[in-house]
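Text of query.cif, listed as mmCIF, C-alpha atoms:
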```cif
data_work
#
loop_
_atom_site.group_PDB
_atom_site.id
_atom_site.type_symbol
_atom_site.label_atom_id
_atom_site.label_comp_id
_atom_site.auth_asym_id
_atom_site.auth_seq_id
_atom_site.Cartn_x
_atom_site.Cartn_y
_atom_site.Cartn_z
ATOM 1 C CA MET U 1 115.734 70.595 65.468
ATOM 2 C CA LEU U 2 113.984 70.747 68.819
ATOM 3 C CA SER U 3 112.040 67.632 69.688
ATOM 4 C CA THR U 4 108.305 67.937 70.286
ATOM 5 C CA PRO U 5 107.574 67.737 74.016
ATOM 6 C CA PRO U 6 105.292 64.896 75.055
ATOM 7 C CA ALA U 7 101.625 65.688 75.432
ATOM 8 C CA PRO U 8 100.597 66.227 79.050
ATOM 9 C CA VAL U 9 99.411 63.058 80.740
ATOM 10 C CA SER U 10 95.847 63.300 81.984
ATOM 11 C CA TRP U 11 95.223 62.630 85.679
ATOM 12 C CA GLN U 12 92.743 59.863 85.040
ATOM 13 C CA GLY U 13 92.770 56.206 84.037
ATOM 14 C CA ILE U 14 94.453 53.280 85.741
ATOM 15 C CA TRP U 15 97.823 53.641 87.488
ATOM 16 C CA PRO U 16 98.881 50.202 88.798
ATOM 17 C CA ALA U 17 100.532 50.243 92.214
ATOM 18 C CA LEU U 18 103.551 48.378 90.898
ATOM 19 C CA LEU U 19 104.807 45.235 92.550
ATOM 20 C CA THR U 20 108.607 45.171 92.761
ATOM 21 C CA PRO U 21 110.512 42.170 91.309
ATOM 22 C CA LEU U 22 113.640 41.139 93.203
ATOM 23 C CA HIS U 23 116.872 39.285 92.478
ATOM 24 C CA ALA U 24 117.935 36.487 94.819
ATOM 25 C CA ASP U 25 119.929 39.037 96.863
ATOM 26 C CA LEU U 26 116.689 41.075 97.211
ATOM 27 C CA SER U 27 117.906 43.926 95.034
ATOM 28 C CA VAL U 28 115.478 45.348 92.467
ATOM 29 C CA HIS U 29 115.336 43.370 89.207
ATOM 30 C CA LEU U 30 115.292 46.426 86.956
ATOM 31 C CA ASP U 31 114.927 44.617 83.645
ATOM 32 C CA GLU U 32 111.836 42.740 84.808
ATOM 33 C CA PHE U 33 110.519 45.895 86.503
ATOM 34 C CA ALA U 34 110.708 47.731 83.176
ATOM 35 C CA ARG U 35 109.209 44.834 81.204
ATOM 36 C CA HIS U 36 106.230 44.720 83.541
ATOM 37 C CA SER U 37 105.809 48.499 83.349
ATOM 38 C CA LYS U 38 105.735 48.414 79.558
ATOM 39 C CA ARG U 39 103.255 45.514 79.517
ATOM 40 C CA LEU U 40 100.907 47.549 81.682
ATOM 41 C CA LEU U 41 101.225 50.656 79.513
ATOM 42 C CA ASP U 42 100.633 48.515 76.425
ATOM 43 C CA ALA U 43 97.518 47.118 78.143
ATOM 44 C CA GLY U 44 96.072 50.628 78.288
ATOM 45 C CA CYS U 45 97.139 51.886 81.705
ATOM 46 C CA MET U 46 97.549 55.645 81.846
ATOM 47 C CA GLY U 47 100.573 55.424 84.140
ATOM 48 C CA LEU U 48 102.390 53.535 86.875
ATOM 49 C CA THR U 49 102.937 53.975 90.604
ATOM 50 C CA PRO U 50 106.280 52.566 91.816
ATOM 51 C CA PHE U 51 107.263 52.060 95.463
ATOM 52 C CA GLY U 52 103.883 52.462 97.080
ATOM 53 C CA THR U 53 102.474 50.050 99.653
ATOM 54 C CA THR U 54 102.006 47.222 97.144
ATOM 55 C CA GLY U 55 105.558 47.845 95.914
ATOM 56 C CA GLU U 56 107.037 47.543 99.441
ATOM 57 C CA GLY U 57 108.291 51.108 99.047
ATOM 58 C CA PRO U 58 109.475 51.854 102.604
ATOM 59 C CA SER U 59 111.564 48.656 102.542
ATOM 60 C CA PHE U 60 113.911 50.238 99.972
ATOM 61 C CA SER U 61 116.552 52.884 100.585
ATOM 62 C CA VAL U 62 116.508 56.327 99.027
ATOM 63 C CA ALA U 63 119.439 55.370 96.794
ATOM 64 C CA GLU U 64 117.700 52.194 95.633
ATOM 65 C CA ARG U 65 114.498 54.010 94.827
ATOM 66 C CA ILE U 66 116.262 56.759 92.884
ATOM 67 C CA ALA U 67 118.287 54.178 90.961
ATOM 68 C CA ALA U 68 115.143 52.206 90.140
ATOM 69 C CA ILE U 69 113.244 55.249 88.852
ATOM 70 C CA ASP U 70 116.265 56.239 86.759
ATOM 71 C CA GLY U 71 116.522 52.627 85.586
ATOM 72 C CA LEU U 72 112.902 52.521 84.436
ATOM 73 C CA ILE U 73 113.341 55.745 82.479
ATOM 74 C CA ALA U 74 116.608 54.534 80.961
ATOM 75 C CA ARG U 75 114.808 51.371 79.821
ATOM 76 C CA GLY U 76 112.144 53.327 77.979
ATOM 77 C CA VAL U 77 109.402 53.876 80.550
ATOM 78 C CA PRO U 78 108.252 57.500 80.054
ATOM 79 C CA ALA U 79 108.912 59.615 83.127
ATOM 80 C CA GLU U 80 105.652 61.490 82.626
ATOM 81 C CA ARG U 81 103.802 58.188 83.126
ATOM 82 C CA LEU U 82 105.144 57.756 86.668
ATOM 83 C CA LEU U 83 103.330 58.635 89.876
ATOM 84 C CA VAL U 84 106.265 58.097 92.226
ATOM 85 C CA SER U 85 105.605 57.198 95.843
ATOM 86 C CA THR U 86 108.083 59.217 97.898
ATOM 87 C CA SER U 87 106.926 58.185 101.370
ATOM 88 C CA CYS U 88 109.656 57.684 103.996
ATOM 89 C CA ALA U 89 109.963 57.963 107.759
ATOM 90 C CA ALA U 90 112.705 60.622 107.591
ATOM 91 C CA LEU U 91 111.619 64.048 106.380
ATOM 92 C CA PRO U 92 114.859 64.829 104.449
ATOM 93 C CA ASP U 93 114.488 61.521 102.600
ATOM 94 C CA VAL U 94 110.979 62.504 101.515
ATOM 95 C CA VAL U 95 112.320 65.810 100.205
ATOM 96 C CA THR U 96 115.143 64.072 98.335
ATOM 97 C CA LEU U 97 112.848 61.554 96.643
ATOM 98 C CA THR U 98 110.195 64.169 95.846
ATOM 99 C CA ARG U 99 112.739 66.546 94.360
ATOM 100 C CA HIS U 100 114.207 63.723 92.264
ATOM 101 C CA ALA U 101 110.764 62.795 90.931
ATOM 102 C CA VAL U 102 110.154 66.401 89.902
ATOM 103 C CA GLU U 103 113.572 66.747 88.299
ATOM 104 C CA VAL U 104 113.218 63.632 86.134
ATOM 105 C CA GLY U 105 109.798 64.779 84.910
ATOM 106 C CA ALA U 106 107.500 62.378 86.762
ATOM 107 C CA HIS U 107 103.806 63.104 86.455
ATOM 108 C CA ALA U 108 103.338 63.481 90.208
ATOM 109 C CA THR U 109 104.288 62.072 93.594
ATOM 110 C CA LEU U 110 102.237 60.049 96.076
ATOM 111 C CA LEU U 111 102.915 60.867 99.711
ATOM 112 C CA LEU U 112 101.834 59.368 103.022
ATOM 113 C CA PRO U 113 101.484 61.544 106.106
ATOM 114 C CA PRO U 114 104.357 61.209 108.611
ATOM 115 C CA PHE U 115 103.901 57.610 109.736
ATOM 116 C CA PHE U 116 106.494 56.708 112.349
ATOM 117 C CA LEU U 117 105.365 58.817 115.308
ATOM 118 C CA LYS U 118 101.749 58.178 116.238
ATOM 119 C CA GLY U 119 99.207 60.441 117.862
ATOM 120 C CA VAL U 120 100.508 63.599 116.185
ATOM 121 C CA PRO U 121 97.990 66.454 115.889
ATOM 122 C CA ASP U 122 96.590 67.675 112.604
ATOM 123 C CA GLN U 123 98.967 70.624 112.715
ATOM 124 C CA GLY U 124 101.942 68.265 112.685
ATOM 125 C CA VAL U 125 100.628 66.536 109.560
ATOM 126 C CA ILE U 126 100.026 69.912 107.893
ATOM 127 C CA ASP U 127 103.524 71.078 108.827
ATOM 128 C CA PHE U 128 105.016 67.902 107.347
ATOM 129 C CA TYR U 129 103.407 68.354 103.939
ATOM 130 C CA ALA U 130 104.082 72.099 103.978
ATOM 131 C CA HIS U 131 107.774 71.504 104.665
ATOM 132 C CA VAL U 132 108.058 69.106 101.727
ATOM 133 C CA ILE U 133 106.248 71.389 99.296
ATOM 134 C CA ASP U 134 108.043 74.547 100.443
ATOM 135 C CA THR U 135 111.481 72.909 100.477
ATOM 136 C CA VAL U 136 111.144 71.323 97.040
ATOM 137 C CA ASP U 137 109.909 74.759 95.926
ATOM 138 C CA ASP U 138 109.230 73.849 92.308
ATOM 139 C CA PRO U 139 106.115 74.836 90.354
ATOM 140 C CA ARG U 140 106.286 71.488 88.533
ATOM 141 C CA LEU U 141 105.549 69.594 91.751
ATOM 142 C CA LYS U 142 102.235 67.726 91.708
ATOM 143 C CA LEU U 143 101.267 65.815 94.816
ATOM 144 C CA VAL U 144 98.677 63.146 95.627
ATOM 145 C CA LEU U 145 97.802 62.832 99.312
ATOM 146 C CA TYR U 146 97.830 59.189 100.442
ATOM 147 C CA HIS U 147 95.385 58.051 103.136
ATOM 148 C CA ILE U 148 95.887 54.479 104.380
ATOM 149 C CA PRO U 149 95.538 54.710 108.172
ATOM 150 C CA GLN U 150 95.367 50.955 108.795
ATOM 151 C CA VAL U 151 98.947 50.730 107.477
ATOM 152 C CA ALA U 152 100.426 54.132 108.311
ATOM 153 C CA GLY U 153 98.780 54.478 111.704
ATOM 154 C CA VAL U 154 98.170 58.129 110.777
ATOM 155 C CA GLY U 155 95.275 59.327 108.649
ATOM 156 C CA LEU U 156 94.311 62.467 106.783
ATOM 157 C CA SER U 157 91.394 64.353 108.305
ATOM 158 C CA HIS U 158 89.128 66.582 106.244
ATOM 159 C CA ALA U 159 90.566 69.550 108.129
ATOM 160 C CA VAL U 160 94.111 68.645 107.095
ATOM 161 C CA ILE U 161 93.130 68.116 103.464
ATOM 162 C CA ARG U 162 91.163 71.359 103.345
ATOM 163 C CA ASP U 163 94.022 73.357 104.857
ATOM 164 C CA LEU U 164 96.558 71.910 102.414
ATOM 165 C CA LEU U 165 94.311 72.455 99.403
ATOM 166 C CA ASP U 166 93.755 76.065 100.408
ATOM 167 C CA ARG U 167 97.506 76.610 100.829
ATOM 168 C CA TYR U 168 98.698 74.658 97.795
ATOM 169 C CA PRO U 169 95.866 74.531 95.224
ATOM 170 C CA GLN U 170 98.276 74.155 92.304
ATOM 171 C CA ALA U 171 100.463 71.460 93.866
ATOM 172 C CA ILE U 172 97.876 69.013 95.238
ATOM 173 C CA ILE U 173 96.016 67.201 92.467
ATOM 174 C CA GLY U 174 94.325 64.317 94.246
ATOM 175 C CA ILE U 175 93.701 62.030 97.177
ATOM 176 C CA LYS U 176 94.296 58.281 97.186
ATOM 177 C CA ASP U 177 92.026 56.827 99.826
ATOM 178 C CA SER U 178 93.064 53.285 100.712
ATOM 179 C CA GLY U 179 91.181 53.211 103.987
ATOM 180 C CA CYS U 180 88.892 50.605 102.355
ATOM 181 C CA GLN U 181 85.713 51.938 103.969
ATOM 182 C CA ARG U 182 83.047 53.000 101.502
ATOM 183 C CA GLU U 183 81.227 55.707 103.452
ATOM 184 C CA PRO U 184 84.384 57.658 104.374
ATOM 185 C CA SER U 185 85.501 57.388 100.740
ATOM 186 C CA LEU U 186 82.189 58.776 99.547
ATOM 187 C CA ALA U 187 82.449 61.562 102.122
ATOM 188 C CA LEU U 188 85.866 62.528 100.739
ATOM 189 C CA ALA U 189 84.456 62.588 97.213
ATOM 190 C CA ARG U 190 81.537 64.780 98.231
ATOM 191 C CA ALA U 191 83.773 67.143 100.163
ATOM 192 C CA PHE U 192 86.608 67.598 97.684
ATOM 193 C CA MET U 193 85.698 66.494 94.169
ATOM 194 C CA THR U 194 83.592 69.547 93.436
ATOM 195 C CA LYS U 195 84.645 73.106 93.995
ATOM 196 C CA ALA U 196 83.375 74.556 97.255
ATOM 197 C CA PRO U 197 81.678 77.930 96.606
ATOM 198 C CA GLN U 198 83.827 79.659 99.221
ATOM 199 C CA ALA U 199 87.116 78.085 98.072
ATOM 200 C CA GLN U 200 89.302 79.556 95.361
ATOM 201 C CA ARG U 201 90.356 76.155 94.048
ATOM 202 C CA PRO U 202 89.052 73.512 91.657
ATOM 203 C CA GLY U 203 87.761 70.161 92.737
ATOM 204 C CA ILE U 204 90.261 67.320 92.816
ATOM 205 C CA GLN U 205 90.107 63.609 92.108
ATOM 206 C CA VAL U 206 89.523 61.169 94.968
ATOM 207 C CA TRP U 207 90.603 57.644 94.090
ATOM 208 C CA VAL U 208 90.144 54.536 96.201
ATOM 209 C CA GLY U 209 92.412 51.562 96.685
ATOM 210 C CA ASN U 210 89.522 49.178 97.359
ATOM 211 C CA GLU U 211 88.583 47.894 93.903
ATOM 212 C CA PRO U 212 85.007 46.762 94.783
ATOM 213 C CA ASP U 213 84.223 50.432 95.496
ATOM 214 C CA LEU U 214 85.372 51.680 92.079
ATOM 215 C CA GLN U 215 81.932 51.518 90.458
ATOM 216 C CA VAL U 216 80.338 53.429 93.331
ATOM 217 C CA MET U 217 83.083 56.044 93.243
ATOM 218 C CA ALA U 218 82.768 56.387 89.468
ATOM 219 C CA ALA U 219 79.193 57.542 90.047
ATOM 220 C CA GLN U 220 80.673 60.360 92.167
ATOM 221 C CA GLY U 221 82.991 61.456 89.353
ATOM 222 C CA THR U 222 86.081 59.335 89.992
ATOM 223 C CA ARG U 223 87.933 58.839 86.719
ATOM 224 C CA GLY U 224 90.843 56.647 87.737
ATOM 225 C CA ALA U 225 92.495 54.390 90.271
ATOM 226 C CA VAL U 226 95.854 53.544 91.791
ATOM 227 C CA SER U 227 95.274 49.816 92.080
ATOM 228 C CA GLY U 228 97.289 46.824 93.220
ATOM 229 C CA VAL U 229 95.012 44.421 91.347
ATOM 230 C CA ALA U 230 95.825 46.314 88.139
ATOM 231 C CA ASN U 231 99.220 44.580 88.143
ATOM 232 C CA ILE U 232 97.463 41.416 87.031
ATOM 233 C CA ALA U 233 94.043 42.568 85.787
ATOM 234 C CA PRO U 234 94.370 46.110 84.408
ATOM 235 C CA GLN U 235 91.516 45.888 81.938
ATOM 236 C CA LEU U 236 89.128 44.598 84.589
ATOM 237 C CA VAL U 237 90.030 47.508 86.871
ATOM 238 C CA GLN U 238 89.636 49.931 83.972
ATOM 239 C CA ARG U 239 86.121 48.693 83.228
ATOM 240 C CA LEU U 240 85.064 49.072 86.861
ATOM 241 C CA VAL U 241 86.027 52.762 86.658
ATOM 242 C CA ALA U 242 85.103 53.621 83.081
ATOM 243 C CA ALA U 243 82.011 51.470 82.501
ATOM 244 C CA PRO U 244 80.206 51.044 85.835
ATOM 245 C CA GLN U 245 76.797 50.803 84.116
ATOM 246 C CA SER U 246 77.748 48.530 81.225
ATOM 247 C CA PRO U 247 75.906 45.232 80.620
ATOM 248 C CA ARG U 248 78.891 43.347 82.010
ATOM 249 C CA SER U 249 79.390 45.543 85.085
ATOM 250 C CA ALA U 250 77.813 43.052 87.497
ATOM 251 C CA GLN U 251 80.031 40.268 86.157
ATOM 252 C CA ASP U 252 83.093 42.531 86.376
ATOM 253 C CA LEU U 253 82.359 43.240 90.022
ATOM 254 C CA ALA U 254 81.844 39.542 90.710
ATOM 255 C CA ASP U 255 85.149 38.735 88.962
ATOM 256 C CA MET U 256 86.934 41.323 91.070
ATOM 257 C CA GLN U 257 85.432 40.049 94.305
ATOM 258 C CA ARG U 258 86.369 36.484 93.431
ATOM 259 C CA LEU U 259 89.944 37.459 92.600
ATOM 260 C CA LEU U 260 90.271 39.425 95.826
ATOM 261 C CA SER U 261 88.839 36.562 97.867
ATOM 262 C CA ILE U 262 91.648 34.362 96.557
ATOM 263 C CA LEU U 263 94.364 36.939 97.236
ATOM 264 C CA THR U 264 93.177 38.067 100.662
ATOM 265 C CA ALA U 265 93.015 34.513 101.999
ATOM 266 C CA HIS U 266 96.810 34.891 102.198
ATOM 267 C CA SER U 267 99.194 37.728 103.005
ATOM 268 C CA LEU U 268 98.214 40.119 100.218
ATOM 269 C CA ILE U 269 101.514 41.291 98.724
ATOM 270 C CA PRO U 270 103.146 37.823 98.692
ATOM 271 C CA ALA U 271 99.945 36.448 97.091
ATOM 272 C CA PHE U 272 100.059 39.145 94.405
ATOM 273 C CA LYS U 273 103.633 38.137 93.733
ATOM 274 C CA VAL U 274 102.686 34.492 93.294
ATOM 275 C CA ALA U 275 100.187 35.609 90.644
ATOM 276 C CA MET U 276 102.864 37.637 88.857
ATOM 277 C CA ALA U 277 105.324 34.742 88.964
ATOM 278 C CA GLN U 278 102.662 32.464 87.488
ATOM 279 C CA LEU U 279 101.822 34.940 84.723
ATOM 280 C CA THR U 280 105.414 35.604 83.727
ATOM 281 C CA GLY U 281 107.324 32.467 84.685
ATOM 282 C CA GLU U 282 109.826 34.794 86.373
ATOM 283 C CA ALA U 283 110.980 33.814 89.877
ATOM 284 C CA ALA U 284 111.904 37.423 90.654
ATOM 285 C CA TRP U 285 108.250 38.141 91.318
ATOM 286 C CA GLN U 286 107.844 35.619 94.095
ATOM 287 C CA ARG U 287 110.477 37.199 96.363
ATOM 288 C CA VAL U 288 109.627 39.770 99.033
ATOM 289 C CA ARG U 289 111.731 41.863 101.375
ATOM 290 C CA PRO U 290 111.549 41.235 105.108
ATOM 291 C CA PRO U 291 109.533 41.772 107.194
ATOM 292 C CA LEU U 292 107.182 40.276 104.579
ATOM 293 C CA VAL U 293 107.367 36.498 104.216
ATOM 294 C CA ALA U 294 106.980 34.813 100.838
ATOM 295 C CA CYS U 295 104.205 32.258 100.394
ATOM 296 C CA ASP U 296 105.340 28.738 101.218
ATOM 297 C CA ALA U 297 105.138 25.879 98.731
ATOM 298 C CA ASP U 298 101.671 24.761 99.858
ATOM 299 C CA ALA U 299 100.270 28.269 99.558
ATOM 300 C CA VAL U 300 101.865 28.706 96.133
ATOM 301 C CA ARG U 301 100.258 25.497 94.864
ATOM 302 C CA GLN U 302 96.879 26.519 96.295
ATOM 303 C CA LEU U 303 97.054 29.983 94.756
ATOM 304 C CA GLN U 304 98.162 28.687 91.378
ATOM 305 C CA ALA U 305 95.274 26.232 91.263
ATOM 306 C CA GLN U 306 92.815 28.983 92.176
ATOM 307 C CA PHE U 307 94.240 31.380 89.586
ATOM 308 C CA ASP U 308 93.843 28.626 86.991
ATOM 309 C CA THR U 309 90.098 28.626 87.649
ATOM 310 C CA LEU U 310 89.990 32.296 86.617
ATOM 311 C CA ALA U 311 92.192 31.958 83.535
ATOM 312 C CA PRO U 312 93.408 28.539 82.437
ATOM 313 C CA GLY U 313 97.119 28.221 83.108
ATOM 314 C CA GLY U 314 97.094 31.727 84.575
ATOM 315 C CA ARG U 315 97.958 33.046 81.117
ATOM 316 C CA ALA U 316 94.711 33.439 79.156
ATOM 317 C CA ALA U 317 94.136 37.138 79.637
ATOM 318 C CA GLY U 318 90.454 37.356 78.661
ATOM 319 C CA THR U 319 88.418 39.115 81.308
ATOM 320 C CA VAL U 320 90.791 38.764 84.227
ATOM 321 C CA PHE U 321 94.531 38.453 83.686
ATOM 322 C CA LEU U 322 97.088 40.644 82.004
ATOM 323 C CA HIS U 323 98.309 39.493 78.615
ATOM 324 C CA ASN U 324 101.850 38.133 78.808
ATOM 325 C CA ASP U 325 103.025 38.960 75.307
#
```
Kindly transcribe the structure held in the file into structure tokens.
Amino acid sequence: MLSTPPAPVSWQGIWPALLTPLHADLSVHLDEFARHSKRLLDAGCMGLTPFGTTGEGPSFSVAERIAAIDGLIARGVPAERLLVSTSCAALPDVVTLTRHAVEVGAHATLLLPPFFLKGVPDQGVIDFYAHVIDTVDDPRLKLVLYHIPQVAGVGLSHAVIRDLLDRYPQAIIGIKDSGCQREPSLALARAFMTKAPQAQRPGIQVWVGNEPDLQVMAAQGTRGAVSGVANIAPQLVQRLVAAPQSPRSAQDLADMQRLLSILTAHSLIPAFKVAMAQLTGEAAWQRVRPPLVACDADAVRQLQAQFDTLAPGGRAAGTVFLHND
């Protein structure tokens, strides 16, 4: 008897930008990676985003990233719940990772513009994305354009986005804007989330990486987020998107701002990893790959004490932290 195919996953909801747990030799701790992924799905997340910025993606080789995606699927994480970041400096590596994501049945891929060479013209960025899409050459490919110029050093102009959407209306399903500037994010939403009368394409989702802007973006029609904070507070992030006018919305925003003020007082990714280590009791979360530097003992103690003020012991999920059960 043929098995029933899984129902299509909707491109909405919360997709945590997964942190990556590491063994002492800095290889990926696949068992803990899968456990965390399942906890987040059980907490109501629509899907997961491995190997993005928060997951230190470019610090891992193509082989490691393929093995980790295969490892998650083998451990019971549904492939269709994965938005796989396939960003690399080398163009053939991007093609390899993107093709692999399509072949294993991932929901979509998240892709930075070419980020090593700086000062490239818009045409070079367009040519990069076109090469990936044309070379993968698979109608199953779904792509989310990733704008984070303060990290990549290369951004996505409206002209680039418009050109790519006109060329590949079926392949490109969204934009993740992690520029962390509200007005440009709103401008992207206004430009691309509704169908332009002259364009033969539907509107697409524009999601932001800056969680305090989620309520404002929800008013523009945003229905989801790829969020680093969702690793530790998925339900809080979900409420900011799904219930921006609820009676508790002001408190939710204040909770988010307080949590971010704690995290951003340190190097962000190492601080996130301290939170995960505190929640799980698993040392694998506290390790980072160079060039990142793990929080020192004083910073760890400070962070743990501050997290305890949000949820006693760092484990009482309530309004802020992820349940650890």
> Quick one: which residues end up in the PyMOL selection byres ((chain U and resi 47) around 6) for this structure, as a list in words?
Replying inline: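 With the shown file as input, the PyMOL selection byres ((chain U and resi 47) around 6) matches Trp15, Cys45, Met46, Leu48, Arg81 and Leu82 of chain U.
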> Using only C-alpha atoms, which of the listed residues (U:Ala130, U:Leu260, U:Ile204, U:Leu91) sits closest to Ala233 in chain U?
Replying inline: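 Answer, going by the shortest atom-to-atom distance: U:Leu260.
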Using all atoms listed in the file, tabulate the residues of range 165-184 of chain U lying at most 12 Å from any atom of range 110-119 of chain U, each with its closest atom pair and that distance in Å to one decimal, by chain and increasing residue number, as a Markdown table.
```
| residue | atom | partner | partner_atom | distance |
| --- | --- | --- | --- | --- |
| U:Ala171 | CA | U:Leu110 | CA | 11.8 |
| U:Ile172 | CA | U:Leu110 | CA | 10.0 |
| U:Ile173 | CA | U:Leu110 | CA | 10.1 |
| U:Gly174 | CA | U:Leu110 | CA | 9.2 |
| U:Ile175 | CA | U:Leu110 | CA | 8.8 |
| U:Lys176 | CA | U:Leu110 | CA | 8.2 |
| U:Asp177 | CA | U:Leu112 | CA | 10.6 |
| U:Ser178 | CA | U:Leu112 | CA | 10.9 |
```
> Applied to this file, what does the PyMOL selection byres ((chain U and resi 276) around 10) return in terms of residues, put as a list in words?
Replying inline: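 Expected selection for the PyMOL selection byres ((chain U and resi 276) around 10) here is Leu19, Pro21, His36, Asn231, Ile232, Pro270, Ala271, Phe272, Lys273, Val274, Ala275, Ala277, Gln278, Leu279, Thr280, Gly281, Glu282, Ala283, Ala284, Trp285, Gln286, Gly314, Phe321 and Leu322 of chain U.
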> Pick from U:Pro121, U:Gly105, U:Gly44, U:Pro92: nearest to Ala159 in chain U, with all atoms listed in the file counted?
Replying inline: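 Of U:Pro121, U:Gly105, U:Gly44, U:Pro92, the one nearest Ala159 in chain U, counting all atoms listed in the file, is U:Pro121.
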> Where does the PyMOL selection byres ((chain U and resi 14) around 9) land in this file, that is, which residues does it pick, as a list in words?
Replying inline: Gln12, Gly13, Trp15, Pro16, Gly44, Cys45, Met46, Gly47, Leu48, Arg223, Gly224, Ala225, Val226, Ser227, Ala230, Pro234, Gln235, Val237, Gln238 and Val241 of chain U
>> Around (97.6, 79.3, 101.6), as given in the file, which residues come within 12 Å? Count only C-alpha atoms and list them as a list in words.
In response: Ile126, Ala130, Ile133, Asp134, Arg162, Asp163, Leu164, Leu165, Asp166, Arg167, Tyr168, Pro169, Gln170, Ala171, Ala199, Gln200 and Arg201 of chain U
>> I need the residue nearest Ala305 in chain U from this list: U:Val132, U:Ile269, U:Val293, U:Ile262. Use only C-alpha atoms for the distance.
In response: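 Checking each of U:Val132, U:Ile269, U:Val293, U:Ile262 against Ala305 in chain U, counting only C-alpha atoms, the winner is U:Ile262.
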>> Could you check the closest approach to Pro58 in chain U for each of U:Leu292, U:Leu236, U:Ile161, U:Val144 and tell me which residue wins, using all atoms listed in the file?
In response: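 For Pro58 in chain U, the nearest of the candidates is U:Leu292.
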> Mind pulling up the distance from CA of Asp213 in chain U to CA of Asp308 in chain U?
Replying inline: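 Calculated distance between CA of Asp308 in chain U and CA of Asp213 in chain U is 25.3 Å.
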> Counting only C-alpha atoms, which of U:Val102, U:Ala89, U:Ala218, U:Ala191 gets nearest to Ile69 in chain U?
Replying inline: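 With only C-alpha atoms as the atom set, the closest residue is U:Val102.
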> List as a list of chain:residue names: which residues have an atom within 6 Å of (103.0, 45.7, 92.9), counting all atoms listed in the file?
Replying inline: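 Residues lying no farther than 6 Å from the given point: U:Ala17, U:Leu18, U:Leu19, U:Thr20, U:Thr54, U:Gly55, U:Gly228.
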> To one decimal place, how far is CA of Gln150 in chain U from CA of Leu188 in chain U in Å?
Replying inline: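 Value for the CA of Gln150 in chain U-CA of Leu188 in chain U distance: 17.0 Å.
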>> Report, in Å to a single decimal, how far apart CA of Ser185 in chain U and CA of Ser246 in chain U are.
In response: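 Between CA of Ser246 in chain U and CA of Ser185 in chain U the gap is 22.8 Å.
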> Of the residues U:Asp31, U:Tyr146, U:Thr222, U:Gly124, which is the one nearest to Ser85 in chain U, using all atoms listed in the file?
Replying inline: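 Going through U:Asp31, U:Tyr146, U:Thr222, U:Gly124 one by one, the smallest distance to Ser85 in chain U is for U:Tyr146.
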Quick one: residues within 12 Å of Arg190 in chain U, all atoms listed in the file counted, chain neighbours fewer than 6 positions away excluded, as a compact mmCIF listing (two decimals) with C-alpha atoms, in the frame of the given file?
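Saved result, out03.txt, follows:
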```txt
# COMPACT_ATOMS: atom_id res chain seq x y z
CA HIS U 158 89.13 66.58 106.24
CA GLU U 183 81.23 55.71 103.45
CA PRO U 184 84.38 57.66 104.37
CA ALA U 196 83.38 74.56 97.26
CA GLY U 203 87.76 70.16 92.74
CA ILE U 204 90.26 67.32 92.82
CA GLN U 205 90.11 63.61 92.11
CA VAL U 206 89.52 61.17 94.97
CA MET U 217 83.08 56.04 93.24
CA ALA U 219 79.19 57.54 90.05
CA GLN U 220 80.67 60.36 92.17
CA GLY U 221 82.99 61.46 89.35
CA THR U 222 86.08 59.34 89.99
```
